[in-house]
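*Asks:* Contents of work-v7.cif (mmCIF, C-alpha atoms):
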```
data_entry
loop_
_atom_site.label_atom_id
_atom_site.label_comp_id
_atom_site.auth_asym_id
_atom_site.auth_seq_id
_atom_site.Cartn_x
_atom_site.Cartn_y
_atom_site.Cartn_z
CA MET A 17 103.22 60.56 -122.54
CA LYS A 18 100.12 60.96 -124.69
CA SER A 19 100.80 57.78 -126.65
CA LYS A 20 101.18 55.92 -123.33
CA LYS A 21 97.72 57.14 -122.28
CA GLY A 22 96.32 56.09 -125.65
CA LEU A 23 97.92 52.71 -125.16
CA ALA A 24 96.36 52.40 -121.69
CA THR A 25 92.87 53.23 -123.06
CA THR A 26 93.31 50.71 -125.87
CA PHE A 27 94.51 48.10 -123.38
CA ALA A 28 91.46 48.74 -121.18
CA LEU A 29 89.09 48.41 -124.13
CA VAL A 30 90.77 45.33 -125.57
CA THR A 31 90.73 43.49 -122.25
CA GLN A 32 87.04 44.43 -122.01
CA LEU A 33 86.38 42.50 -125.25
CA GLY A 34 86.10 39.13 -123.50
CA PHE A 35 83.65 40.42 -120.91
CA SER A 36 81.63 42.26 -123.57
CA MET A 37 81.21 38.98 -125.41
CA VAL A 38 80.43 36.67 -122.49
CA ILE A 39 78.11 38.87 -120.42
CA PRO A 40 75.30 39.40 -123.03
CA ILE A 41 75.22 35.64 -123.73
CA PHE A 42 74.88 34.79 -120.03
CA LEU A 43 72.41 37.63 -119.47
CA CYS A 44 70.18 36.38 -122.28
CA PHE A 45 70.61 32.77 -121.15
CA PHE A 46 69.23 33.62 -117.71
CA ILE A 47 66.44 35.82 -119.14
CA GLY A 48 65.49 32.91 -121.43
CA ILE A 49 65.40 30.43 -118.54
CA PHE A 50 63.35 32.86 -116.44
CA LEU A 51 60.81 33.44 -119.23
CA ASP A 52 60.59 29.68 -119.85
CA LYS A 53 59.84 29.15 -116.17
CA ILE A 54 57.00 31.68 -116.01
CA THR A 55 55.48 30.52 -119.31
CA THR A 56 54.91 26.99 -120.52
CA LEU A 57 56.74 27.43 -123.81
CA SER A 58 60.04 25.86 -122.73
CA PRO A 59 62.60 25.92 -124.42
CA LEU A 60 61.38 28.55 -126.92
CA PHE A 61 62.54 31.64 -125.03
CA LEU A 62 65.88 30.08 -124.14
CA ILE A 63 66.65 29.47 -127.82
CA ILE A 64 65.47 32.94 -128.91
CA PHE A 65 67.40 34.71 -126.18
CA ILE A 66 70.60 32.73 -126.73
CA PHE A 67 70.55 33.88 -130.37
CA LEU A 68 69.88 37.44 -129.22
CA GLY A 69 72.74 37.18 -126.71
CA VAL A 70 75.19 35.96 -129.33
CA GLY A 71 74.07 38.79 -131.63
CA ALA A 72 74.51 41.36 -128.85
CA ALA A 73 77.96 39.94 -128.07
CA PHE A 74 79.05 40.44 -131.67
CA ARG A 75 77.49 43.91 -131.68
CA ASN A 76 79.47 44.87 -128.55
CA MET A 77 82.71 43.60 -130.05
CA PHE A 78 82.01 45.41 -133.30
CA TYR A 79 81.46 48.73 -131.48
CA ILE A 80 84.59 48.41 -129.35
CA ILE A 81 86.75 47.60 -132.40
CA LEU A 82 85.05 50.33 -134.45
CA LYS A 83 85.82 52.87 -131.73
CA GLU A 84 89.48 51.88 -131.71
CA ALA A 85 89.69 51.83 -135.52
CA LYS A 86 88.21 55.35 -135.70
CA LYS A 87 90.71 56.55 -133.12
CA GLY A 88 93.55 54.99 -135.12
CA GLU A 89 92.29 56.72 -138.30
CA HIS A 90 92.13 60.04 -136.47
CA HIS A 91 95.72 59.63 -135.21
CA GLU A 92 96.95 58.69 -138.70
CA LYS A 93 95.31 61.79 -140.21
CA ARG A 94 96.82 63.98 -137.51
CA ASP A 95 100.29 62.53 -138.08
CA PHE A 96 99.90 62.95 -141.87
CA LYS A 97 99.03 66.65 -141.43
CA ARG A 98 102.20 67.16 -139.45
CA MET B 177 93.18 24.85 -91.75
CA ASP B 178 89.46 25.66 -91.69
CA GLU B 179 89.96 28.32 -89.06
CA GLN B 180 92.20 30.27 -91.41
CA LEU B 181 90.33 29.52 -94.63
CA ASP B 182 88.12 32.56 -94.50
CA PHE B 183 87.41 34.85 -97.41
CA GLY B 184 83.62 35.05 -97.25
CA ILE B 185 81.30 37.89 -96.32
CA HIS B 186 80.16 37.72 -92.68
CA MET B 187 77.22 39.28 -90.89
CA ILE B 188 78.67 41.62 -88.28
CA ILE B 189 75.60 43.43 -86.96
CA PRO B 190 72.36 41.49 -87.64
CA LEU B 191 69.29 43.73 -87.69
CA PHE B 192 66.30 41.52 -88.42
CA GLU B 193 65.32 38.14 -89.78
CA THR B 194 62.72 37.58 -92.49
CA SER B 195 60.15 34.78 -92.50
CA ASP B 196 62.26 32.67 -94.88
CA GLY B 197 65.26 32.76 -92.55
CA SER B 198 67.35 35.41 -94.36
CA VAL B 199 69.15 37.76 -91.99
CA PHE B 200 69.46 41.45 -92.85
CA GLY B 201 72.13 43.62 -91.29
CA PHE B 202 75.58 45.08 -91.67
CA THR B 203 78.18 42.79 -93.21
CA THR B 204 81.98 42.97 -93.47
CA THR B 205 81.48 44.82 -96.77
CA HIS B 206 79.51 47.61 -95.04
CA ILE B 207 82.00 47.95 -92.20
CA ASN B 208 85.03 47.94 -94.50
CA THR B 209 83.38 50.43 -96.87
CA TRP B 210 82.76 52.74 -93.90
CA ILE B 211 86.41 52.42 -92.89
CA VAL B 212 87.50 53.37 -96.43
CA ILE B 213 85.01 56.27 -96.48
CA ALA B 214 86.22 57.43 -93.05
CA VAL B 215 89.87 57.43 -94.18
CA LEU B 216 88.99 59.39 -97.33
CA THR B 217 86.79 61.83 -95.36
CA ILE B 218 89.54 62.50 -92.81
CA PHE B 219 92.02 63.04 -95.65
CA GLY B 220 89.54 65.37 -97.39
CA LEU B 221 88.89 67.40 -94.23
CA TYR B 222 92.61 67.65 -93.55
CA VAL B 223 93.31 68.91 -97.08
CA ASN B 224 90.35 71.29 -96.84
CA ALA B 225 91.77 72.78 -93.64
CA LYS B 226 95.18 73.17 -95.25
CA VAL B 227 93.90 74.60 -98.56
CA LYS B 228 93.10 77.93 -96.86
CA ASN B 229 96.82 78.47 -96.25
CA PHE B 230 97.87 77.55 -99.81
CA LYS B 231 99.80 80.25 -101.71
CA THR B 232 99.67 81.07 -105.44
CA ILE B 233 103.23 79.85 -105.72
CA PRO B 234 103.51 76.62 -103.68
CA ASP B 235 105.86 76.93 -100.72
CA THR B 236 105.22 73.60 -99.00
CA LYS B 237 105.73 70.02 -100.18
CA PHE B 238 102.17 69.19 -99.15
CA GLN B 239 100.73 71.85 -101.48
CA VAL B 240 102.89 70.58 -104.34
CA LEU B 241 101.67 67.03 -103.67
CA ILE B 242 97.99 68.00 -103.56
CA GLU B 243 98.29 70.17 -106.68
CA ALA B 244 100.09 67.33 -108.48
CA ILE B 245 97.28 64.89 -107.59
CA VAL B 246 94.54 67.31 -108.75
CA ASP B 247 96.49 68.13 -111.91
CA MET B 248 97.04 64.44 -112.62
CA PHE B 249 93.31 63.69 -112.37
CA GLU B 250 92.45 66.67 -114.58
CA SER B 251 94.93 65.78 -117.31
CA PHE B 252 93.90 62.11 -117.17
CA THR B 253 90.21 63.06 -117.55
CA ALA B 254 91.02 65.54 -120.35
CA SER B 255 93.03 62.95 -122.29
CA THR B 256 90.31 60.29 -121.99
CA MET B 257 87.12 62.36 -122.22
CA GLY B 258 88.35 65.43 -124.12
CA GLU B 259 89.35 68.90 -122.97
CA LYS B 260 85.75 70.17 -122.73
CA ASN B 261 84.82 67.40 -120.26
CA LYS B 262 87.69 68.11 -117.89
CA SER B 263 85.27 68.99 -115.08
CA PHE B 264 84.38 65.27 -114.77
CA SER B 265 87.63 64.88 -112.85
CA MET B 266 85.74 66.15 -109.78
CA PHE B 267 83.65 62.98 -109.91
CA TYR B 268 86.18 60.49 -111.22
CA GLY B 269 89.04 61.62 -108.95
CA PRO B 270 87.32 60.70 -105.67
CA LEU B 271 85.82 57.59 -107.29
CA PHE B 272 89.32 56.53 -108.32
CA LEU B 273 90.59 57.05 -104.76
CA PHE B 274 87.65 55.14 -103.29
CA ILE B 275 88.11 52.09 -105.55
CA LEU B 276 91.89 52.17 -105.16
CA LEU B 277 91.71 52.35 -101.38
CA SER B 278 89.05 49.60 -101.34
CA ASN B 279 91.28 47.34 -103.44
CA LEU B 280 94.32 48.09 -101.30
CA SER B 281 92.46 47.52 -98.04
CA GLY B 282 93.35 43.81 -98.35
CA LEU B 283 96.91 44.80 -97.41
CA VAL B 284 95.85 45.71 -93.87
CA GLY B 285 93.81 42.58 -93.37
CA LEU B 286 90.40 43.93 -94.33
CA ARG B 287 88.24 42.11 -96.85
CA PRO B 288 88.18 44.47 -99.86
CA PRO B 289 84.66 45.96 -100.29
CA THR B 290 85.15 45.59 -104.07
CA ALA B 291 85.29 41.80 -103.58
CA ASP B 292 81.51 42.04 -103.10
CA ILE B 293 79.38 42.17 -106.26
CA ALA B 294 76.95 44.59 -104.52
CA THR B 295 79.63 47.29 -104.28
CA THR B 296 80.95 46.91 -107.82
CA PHE B 297 77.44 46.65 -109.29
CA ALA B 298 76.42 49.85 -107.47
CA LEU B 299 79.50 51.59 -108.88
CA SER B 300 78.80 50.42 -112.41
CA LEU B 301 75.11 51.36 -112.11
CA THR B 302 76.33 54.90 -111.43
CA THR B 303 78.17 54.74 -114.76
CA PHE B 304 75.08 53.32 -116.48
CA PHE B 305 72.83 56.15 -115.24
CA MET B 306 75.49 58.71 -116.11
CA ILE B 307 75.60 57.34 -119.67
CA GLN B 308 71.82 57.72 -119.96
CA TRP B 309 71.73 61.17 -118.31
CA TYR B 310 74.57 62.75 -120.29
CA GLY B 311 73.43 61.04 -123.52
CA VAL B 312 69.96 62.57 -123.17
CA LYS B 313 71.42 65.89 -121.99
CA SER B 314 73.67 66.29 -125.01
CA LYS B 315 71.42 64.81 -127.74
CA GLY B 316 67.93 64.99 -126.27
CA PHE B 317 65.71 61.93 -126.48
CA GLY B 318 67.16 61.39 -129.96
CA TYR B 319 69.91 59.59 -128.05
CA TYR B 320 67.60 56.58 -127.79
CA LYS B 321 67.02 56.72 -131.56
CA GLU B 322 70.63 55.56 -131.88
CA LEU B 323 69.47 52.22 -130.48
CA MET B 324 67.66 51.69 -133.79
CA GLU B 325 70.79 52.23 -135.86
CA PRO B 326 71.87 51.07 -138.39
CA ILE B 327 68.48 49.32 -138.87
CA PRO B 328 65.46 49.19 -136.47
CA LEU B 329 65.67 45.37 -136.55
CA LEU B 330 68.81 45.59 -134.40
CA LEU B 331 66.95 47.31 -131.54
CA PRO B 332 66.91 44.20 -129.26
CA LEU B 333 70.63 43.60 -129.81
CA ASN B 334 71.46 47.22 -129.07
CA VAL B 335 69.31 47.23 -125.91
CA ILE B 336 70.92 44.01 -124.63
CA GLY B 337 74.37 45.39 -125.54
CA GLU B 338 73.71 48.59 -123.59
CA LEU B 339 72.33 46.69 -120.58
CA SER B 340 75.34 44.37 -120.50
CA ASN B 341 77.79 47.29 -120.13
CA PRO B 342 77.27 47.89 -116.37
CA ILE B 343 77.21 44.13 -115.71
CA SER B 344 80.50 43.51 -117.52
CA LEU B 345 82.08 46.51 -115.76
CA SER B 346 81.04 45.27 -112.34
CA PHE B 347 81.96 41.62 -112.95
CA ARG B 348 85.41 42.56 -114.15
CA LEU B 349 86.35 44.50 -111.02
CA PHE B 350 84.58 42.05 -108.69
CA GLY B 351 86.14 38.96 -110.31
CA ASN B 352 89.68 40.28 -110.24
CA ILE B 353 89.57 41.40 -106.63
CA LEU B 354 87.67 38.34 -105.38
CA GLY B 355 90.12 36.10 -107.23
CA GLY B 356 93.02 37.76 -105.41
CA THR B 357 91.21 37.48 -102.06
CA ILE B 358 90.47 33.76 -102.57
CA ILE B 359 94.01 32.94 -103.70
CA MET B 360 95.47 34.77 -100.68
CA GLY B 361 93.00 33.00 -98.36
CA LEU B 362 93.92 29.60 -99.83
CA TYR B 363 97.62 30.38 -99.62
CA TYR B 364 97.47 31.41 -95.96
CA SER B 365 95.46 28.32 -95.00
CA MET B 366 97.23 25.64 -97.01
CA ILE B 367 100.91 26.52 -96.91
CA PRO B 368 103.10 25.36 -93.98
CA TRP B 369 104.78 27.94 -91.74
CA PHE B 370 108.00 28.28 -93.77
CA GLY B 371 105.94 29.29 -96.82
CA LEU B 372 104.63 32.25 -94.89
CA ILE B 373 108.01 33.97 -94.76
CA GLY B 374 108.55 36.55 -97.48
CA ILE B 375 106.46 34.92 -100.23
CA PRO B 376 103.08 36.39 -99.16
CA SER B 377 104.48 39.89 -99.59
CA LEU B 378 105.18 39.14 -103.26
CA LEU B 379 101.68 37.73 -103.71
CA HIS B 380 100.16 40.78 -101.99
CA MET B 381 102.26 42.97 -104.25
CA TYR B 382 100.74 41.34 -107.30
CA PHE B 383 97.15 40.65 -106.23
CA ASP B 384 96.52 43.71 -104.05
CA ILE B 385 98.79 46.44 -105.36
CA PHE B 386 99.33 45.64 -109.05
CA ALA B 387 95.94 44.06 -109.87
CA GLY B 388 94.14 46.50 -107.54
CA ALA B 389 95.65 49.61 -109.12
CA LEU B 390 95.29 48.25 -112.68
CA GLN B 391 91.64 47.30 -112.22
CA THR B 392 90.89 50.69 -110.66
CA LEU B 393 92.46 52.42 -113.65
CA ILE B 394 90.59 50.22 -116.12
CA PHE B 395 87.23 50.70 -114.35
CA ILE B 396 87.63 54.49 -114.33
CA MET B 397 88.92 54.58 -117.90
CA LEU B 398 86.07 52.44 -119.26
CA SER B 399 83.52 54.45 -117.34
CA MET B 400 84.98 57.66 -118.80
CA THR B 401 85.02 56.15 -122.31
CA PHE B 402 81.37 55.05 -122.07
CA VAL B 403 80.16 58.41 -120.69
CA SER B 404 82.13 60.49 -123.21
CA GLY B 405 80.99 58.12 -125.98
CA ALA B 406 77.36 58.83 -125.07
CA MET B 407 78.00 62.58 -125.34
CA GLU B 408 79.77 62.49 -128.72
#
```
Please re-express this file's structure in structure tokens.
*Replies:*
Amino acid sequence: MKSKKGLATTFALVTQLGFSMVIPIFLCFFIGIFLDKITTLSPLFLIIFIFLGVGAAFRNMFYIILKEAKKGEHHEKRDFKR
Amino acid sequence: MDEQLDFGIHMIIPLFETSDGSVFGFTTTHINTWIVIAVLTIFGLYVNAKVKNFKTIPDTKFQVLIEAIVDMFESFTASTMGEKNKSFSMFYGPLFLFILLSNLSGLVGLRPPTADIATTFALSLTTFFMIQWYGVKSKGFGYYKELMEPIPLLLPLNVIGELSNPISLSFRLFGNILGGTIIMGLYYSMIPWFGLIGIPSLLHMYFDIFAGALQTLIFIMLSMTFVSGAME
């Protein structure tokens, strides 16, 4: 039963990967467009924020995978002790 | 066809109009949310009235059912957030029921309140503020120092990453439920009469029951993971 719950959590996190990657890019894209509109530096902010968005997307993916990897390590250690 | 092709949000009770022509009032989302809240409140009051007669050793099926539901939420919370955070089941249990009932409300012909970005965004904002509150509560303001890890240069990326969490949570639930609502609306409006025998029940089973329950579970599980992650 416990492994099924672990599987469900992993499934939830893995299916979140796509959203975690797309949302920061779109968020930064719109922030960039907004800042370009209120300043006269177009397309400076758009370019900066798209790079930031891509970076944040990779950061999110890294954290989600890291979390799962740590959990896997913890389970392996626990099984080894047994 | 156009008469049946209806999956949008409608203004039910208009209150006032602004100078630019926007109308403020109560929409289908408000009304359907109130219906869901009313059903849950009636259920809660009924259980509350019955709880006074509950025995230490259950002697009615109803008591067994209620205890099983409470126990299920507690063990689910304990397995996701850890044994010491089991008390969060008091928040996540009702939230689970609210989202589940909202998603399933499409079965009785209501437009699911979760097919409105305002509802799902409000729900995910709750998670966002809980992450901040419990992060600060367990680690003090040093919690925000973690945004500068591993190097301070990554601060903007970490801030954007944190801000995108509630948005991705809300879009996921909203997109899945709205997708189901649109597909069902299109199906009902475009298929001839013989297509409306039997097949819609299978589609409802998938889009309303399966996707609705799965997305509820995922929303709650991710919210629990984020909040417990902030406390670790």
*Asks:* Set the cut-off to 7 Å and count all atoms listed in the file: what are the residues of chain B that reach chain A? Output as a list of chain:residue names.
*Replies:*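 Close enough to count are B:Leu333, B:Asn334, B:Ile336, B:Gly337, B:Ser340, B:Ser344, B:Ile394, B:Met397, B:Leu398.
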*Asks:* Could you tell me how far atom CA of Leu349 of chain B lies from atom CA of Val312 of chain B, in Å and to one decimal?
*Replies:*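 Taking atom CA of Leu349 of chain B as the start and atom CA of Val312 of chain B as the end point, the length is 27.3 Å.
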*Asks:* Would you write out, as an MDAnalysis selection string, every residue that the PyMOL selection byres ((chain B and resi 281-295) around 7) captures in this file?
*Replies:* chainID B and resid 205 208:209 277:280 296:299 350 353:354 380 384
*Asks:* Those selected residues, please, written with C-alpha atoms and delivered as a PDB file, in the coordinates of the input.
*Replies:*
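Final output, saved to selection.pdb:
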```
ATOM      1  CA  THR B 205      81.480  44.820 -96.770  1.00  0.00           C
ATOM      2  CA  ASN B 208      85.030  47.940 -94.500  1.00  0.00           C
ATOM      3  CA  THR B 209      83.380  50.430 -96.870  1.00  0.00           C
ATOM      4  CA  LEU B 277      91.710  52.350-101.380  1.00  0.00           C
ATOM      5  CA  SER B 278      89.050  49.600-101.340  1.00  0.00           C
ATOM      6  CA  ASN B 279      91.280  47.340-103.440  1.00  0.00           C
ATOM      7  CA  LEU B 280      94.320  48.090-101.300  1.00  0.00           C
ATOM      8  CA  THR B 296      80.950  46.910-107.820  1.00  0.00           C
ATOM      9  CA  PHE B 297      77.440  46.650-109.290  1.00  0.00           C
ATOM     10  CA  ALA B 298      76.420  49.850-107.470  1.00  0.00           C
ATOM     11  CA  LEU B 299      79.500  51.590-108.880  1.00  0.00           C
ATOM     12  CA  PHE B 350      84.580  42.050-108.690  1.00  0.00           C
ATOM     13  CA  ILE B 353      89.570  41.400-106.630  1.00  0.00           C
ATOM     14  CA  LEU B 354      87.670  38.340-105.380  1.00  0.00           C
ATOM     15  CA  HIS B 380     100.160  40.780-101.990  1.00  0.00           C
ATOM     16  CA  ASP B 384      96.520  43.710-104.050  1.00  0.00           C
TER      17      ASP B 384
END
```
*Asks:* Show me the residues around (69.9, 30.2, -121.4) - criterion: an atom at most 6 Å away, only C-alpha atoms counted - as JSON, numbers by chain.
*Replies:* {"A": [45, 46, 48, 49, 62, 66]}
*Asks:* Keeping C-alpha atoms for every residue in the selection just given, could you write it to a file as a compact mmCIF listing (two decimals), in the frame of the given file?
*Replies:*
```
# COMPACT_ATOMS: atom_id res chain seq x y z
CA PHE A 45 70.61 32.77 -121.15
CA PHE A 46 69.23 33.62 -117.71
CA GLY A 48 65.49 32.91 -121.43
CA ILE A 49 65.40 30.43 -118.54
CA LEU A 62 65.88 30.08 -124.14
CA ILE A 66 70.60 32.73 -126.73
```
*Asks:* On this structure, which residues satisfy the PyMOL selection byres ((chain B and resi 391) around 9), written as a VMD selection string?
*Replies:* chain B and resid 275 to 276 279 348 to 349 352 to 353 386 to 390 392 to 396
*Asks:* Figure out the distance between atom CA of Met266 of chain B and atom CA of Lys313 of chain B, please, to one decimal in Å.
*Replies:*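 So the answer is 18.8 Å.
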*Asks:* What's the separation between atom CA of His186 of chain B and atom CA of His206 of chain B, in Å to one decimal place?
*Replies:* 10.2 Å
*Asks:* Given the point (66.4, 57.2, -126.5) in the file's coordinates, find the residues that have an atom at most 12 Å from it, counting all atoms listed in the file, and give them as a list in words.
*Replies:* Ile307, Gln308, Trp309, Tyr310, Gly311, Val312, Lys313, Ser314, Lys315, Gly316, Phe317, Gly318, Tyr319, Tyr320, Lys321, Glu322, Leu323, Met324, Glu325, Leu331, Asn334, Val335, Glu338 and Ala406 of chain B
*Asks:* As a JSON list (two decimals), in the coordinates of the input, could you write out segment 52-69 of chain A once it has been completed with N, CA and C atoms?
*Replies:*
```
[["chain", "number", "residue", "atom", "x", "y", "z"],
["A", 52, "ASP", "N", 61.07, 31.07, -119.67],
["A", 52, "ASP", "CA", 60.59, 29.68, -119.85],
["A", 52, "ASP", "C", 59.89, 29.18, -118.60],
["A", 53, "LYS", "N", 60.42, 29.60, -117.44],
["A", 53, "LYS", "CA", 59.84, 29.15, -116.17],
["A", 53, "LYS", "C", 58.46, 29.73, -115.95],
["A", 54, "ILE", "N", 58.29, 31.04, -116.28],
["A", 54, "ILE", "CA", 57.00, 31.68, -116.01],
["A", 54, "ILE", "C", 55.97, 31.42, -117.11],
["A", 55, "THR", "N", 56.44, 30.92, -118.27],
["A", 55, "THR", "CA", 55.48, 30.52, -119.31],
["A", 55, "THR", "C", 55.59, 28.99, -119.44],
["A", 56, "THR", "N", 54.82, 28.45, -120.34],
["A", 56, "THR", "CA", 54.91, 26.99, -120.52],
["A", 56, "THR", "C", 55.48, 26.65, -121.90],
["A", 57, "LEU", "N", 56.25, 27.61, -122.44],
["A", 57, "LEU", "CA", 56.74, 27.43, -123.81],
["A", 57, "LEU", "C", 58.17, 26.92, -123.87],
["A", 58, "SER", "N", 58.66, 26.33, -122.80],
["A", 58, "SER", "CA", 60.04, 25.86, -122.73],
["A", 58, "SER", "C", 60.35, 24.91, -123.90],
["A", 59, "PRO", "N", 61.46, 25.01, -124.60],
["A", 59, "PRO", "CA", 62.60, 25.92, -124.42],
["A", 59, "PRO", "C", 62.64, 27.06, -125.44],
["A", 60, "LEU", "N", 61.45, 27.54, -125.86],
["A", 60, "LEU", "CA", 61.38, 28.55, -126.92],
["A", 60, "LEU", "C", 62.16, 29.81, -126.59],
["A", 61, "PHE", "N", 61.90, 30.38, -125.40],
["A", 61, "PHE", "CA", 62.54, 31.64, -125.03],
["A", 61, "PHE", "C", 64.05, 31.48, -124.86],
["A", 62, "LEU", "N", 64.44, 30.33, -124.33],
["A", 62, "LEU", "CA", 65.88, 30.08, -124.14],
["A", 62, "LEU", "C", 66.61, 30.14, -125.49],
["A", 63, "ILE", "N", 66.02, 29.49, -126.50],
["A", 63, "ILE", "CA", 66.65, 29.47, -127.82],
["A", 63, "ILE", "C", 66.69, 30.88, -128.42],
["A", 64, "ILE", "N", 65.53, 31.57, -128.34],
["A", 64, "ILE", "CA", 65.47, 32.94, -128.91],
["A", 64, "ILE", "C", 66.50, 33.85, -128.25],
["A", 65, "PHE", "N", 66.53, 33.79, -126.91],
["A", 65, "PHE", "CA", 67.40, 34.71, -126.18],
["A", 65, "PHE", "C", 68.88, 34.36, -126.33],
["A", 66, "ILE", "N", 69.19, 33.08, -126.50],
["A", 66, "ILE", "CA", 70.60, 32.73, -126.73],
["A", 66, "ILE", "C", 71.06, 33.33, -128.07],
["A", 67, "PHE", "N", 70.20, 33.26, -129.08],
["A", 67, "PHE", "CA", 70.55, 33.88, -130.37],
["A", 67, "PHE", "C", 70.72, 35.39, -130.21],
["A", 68, "LEU", "N", 69.79, 35.99, -129.45],
["A", 68, "LEU", "CA", 69.88, 37.44, -129.22],
["A", 68, "LEU", "C", 71.18, 37.78, -128.48],
["A", 69, "GLY", "N", 71.52, 36.96, -127.49],
["A", 69, "GLY", "CA", 72.74, 37.18, -126.71],
["A", 69, "GLY", "C", 73.99, 37.12, -127.56]]
```
